Amino acid sequence: MTDTPTPRTEGTLARRTLLIGAASASTVVSIRPALAQTQASIMTCEIPIPDRARVGQMIAADGQVVAPGTPGAFPGANRPFTGEQVKLAMKGQNLPGADGDTTRAYLKYVQRLQNGTSGFTCFASLQMPRG
């Protein structure tokens with residue numbers, strides 16, 4: 001007796017297609033809440049300017065942290081900015097309580113953040129493309 005494969009019928013193909021479609025749908029359903037949660041956390045995460053280790057320092061126009069009293073530098077922000085506020089500033093709005101020059105200096109500071117610095121993870125998450 002030889003095993004001969006059973007011919008594929010339209011019914012078999014249709015069942016497989018339905019199974020694949022059902023698996024895909026459950027994947028989409030399970031990913032969307034995670035994306036929504038990620039999006040919400042990005043909007044509420046905080047970026048202190050400067051980071052907590054350098055409170056009291058000033059921000060130069062090029063985004064570097066400089067000593068207090070440096071000519072042309074801006075005082076650090078009184079409170080951290082949210083990811084949403086930074087995102088809007090990246091699109092042209094001023095950060096709350098900051099004029100255009102201060103906002104530009106603060107954004108340059110944020111763009112210079114490196115791993116391990118307060119606010120880096122928040123800023124990095126703003127850079128990720130959204131689907």
# chains A, B, ... in the order shown; residues from 1 in each chain; ligands from 1
$ select_by_dssp --residues "region 44-123 of chain A" --states "helix (DSSP H, G or I)" --output "MDAnalysis selection string"
chainID A and resid 44 52:54 83:90 100:111 120:123
$ residues_around --residues "region 77-91 of chain A" --least-positions-apart "4" --cutoff "8 Å" --atoms "only C-alpha atoms" --output "PDB file with C-alpha atoms, in the first residue's frame"
ATOM      1  CA  ILE A  42       5.347  58.484  25.141  1.00  0.00           C
ATOM      2  CA  MET A  43       2.975  61.386  25.629  1.00  0.00           C
ATOM      3  CA  THR A  44       3.373  61.362  29.432  1.00  0.00           C
ATOM      4  CA  CYS A  45       7.074  60.483  29.793  1.00  0.00           C
ATOM      5  CA  GLU A  46       9.246  63.355  30.973  1.00  0.00           C
ATOM      6  CA  ILE A  47      12.417  65.061  29.782  1.00  0.00           C
ATOM      7  CA  PRO A  48      14.118  67.315  32.340  1.00  0.00           C
ATOM      8  CA  ILE A  49      16.238  70.156  30.926  1.00  0.00           C
ATOM      9  CA  PRO A  50      18.944  69.861  32.069  1.00  0.00           C
ATOM     10  CA  LEU A  95       7.720  74.659  24.791  1.00  0.00           C
ATOM     11  CA  PRO A  96       5.495  75.854  27.665  1.00  0.00           C
ATOM     12  CA  THR A 103      12.800  76.378  22.792  1.00  0.00           C
ATOM     13  CA  LEU A 107      15.430  71.056  21.640  1.00  0.00           C
ATOM     14  CA  CYS A 122      11.515  59.341  26.356  1.00  0.00           C
ATOM     15  CA  PHE A 123      13.184  61.242  23.497  1.00  0.00           C
ATOM     16  CA  LEU A 126       9.534  59.943  20.153  1.00  0.00           C
TER      17      LEU A 126
END
$ atom_distance --atom1 "CA of Asp99 (chain A)" --atom2 "CA of Pro71 (chain A)"
17.2 Å
$ residues_around --residues "Ala73 (chain A)" --least-positions-apart "5" --cutoff "9 Å" --atoms "only C-alpha atoms" --output "mmCIF file with N, CA and C atoms, in the first residue's frame"
data_model
loop_
_atom_site.group_PDB
_atom_site.id
_atom_site.type_symbol
_atom_site.label_atom_id
_atom_site.label_comp_id
_atom_site.auth_asym_id
_atom_site.auth_seq_id
_atom_site.Cartn_x
_atom_site.Cartn_y
_atom_site.Cartn_z
ATOM 1 N N MET A 58 23.068 75.945 32.968
ATOM 2 C CA MET A 58 22.322 76.630 31.914
ATOM 3 C C MET A 58 22.487 75.872 30.598
ATOM 4 N N ILE A 59 21.648 76.227 29.629
ATOM 5 C CA ILE A 59 21.674 75.589 28.308
ATOM 6 C C ILE A 59 22.106 76.626 27.277
ATOM 7 N N ALA A 60 23.212 76.336 26.592
ATOM 8 C CA ALA A 60 23.705 77.225 25.533
ATOM 9 C C ALA A 60 22.812 77.086 24.297
ATOM 10 N N ALA A 61 22.931 78.035 23.389
ATOM 11 C CA ALA A 61 22.119 78.019 22.169
ATOM 12 C C ALA A 61 22.336 76.751 21.347
ATOM 13 N N VAL A 65 25.279 71.965 27.924
ATOM 14 C CA VAL A 65 25.081 72.422 29.291
ATOM 15 C C VAL A 65 26.312 73.243 29.675
ATOM 16 N N VAL A 66 26.057 74.453 30.165
ATOM 17 C CA VAL A 66 27.149 75.366 30.508
ATOM 18 C C VAL A 66 26.958 75.903 31.925
ATOM 19 N N ALA A 67 27.995 76.540 32.440
ATOM 20 C CA ALA A 67 27.971 77.083 33.804
ATOM 21 C C ALA A 67 26.982 78.239 33.915
ATOM 22 N N PRO A 68 26.432 78.420 35.104
ATOM 23 C CA PRO A 68 25.544 79.575 35.323
ATOM 24 C C PRO A 68 26.286 80.873 35.006
ATOM 25 N N THR A 102 14.731 80.059 23.347
ATOM 26 C CA THR A 102 14.885 79.095 24.437
ATOM 27 C C THR A 102 14.427 77.716 23.988
ATOM 28 N N ALA A 105 17.086 76.119 21.829
ATOM 29 C CA ALA A 105 18.221 75.656 22.639
ATOM 30 C C ALA A 105 17.849 74.377 23.398
#
$ atom_distance --atom1 "CA of Met128 (chain A)" --atom2 "CA of Gly97 (chain A)"
26.7 Å
$ atom_distance --atom1 "CA of Gly56 (chain A)" --atom2 "CA of Ser125 (chain A)"
26.5 Å
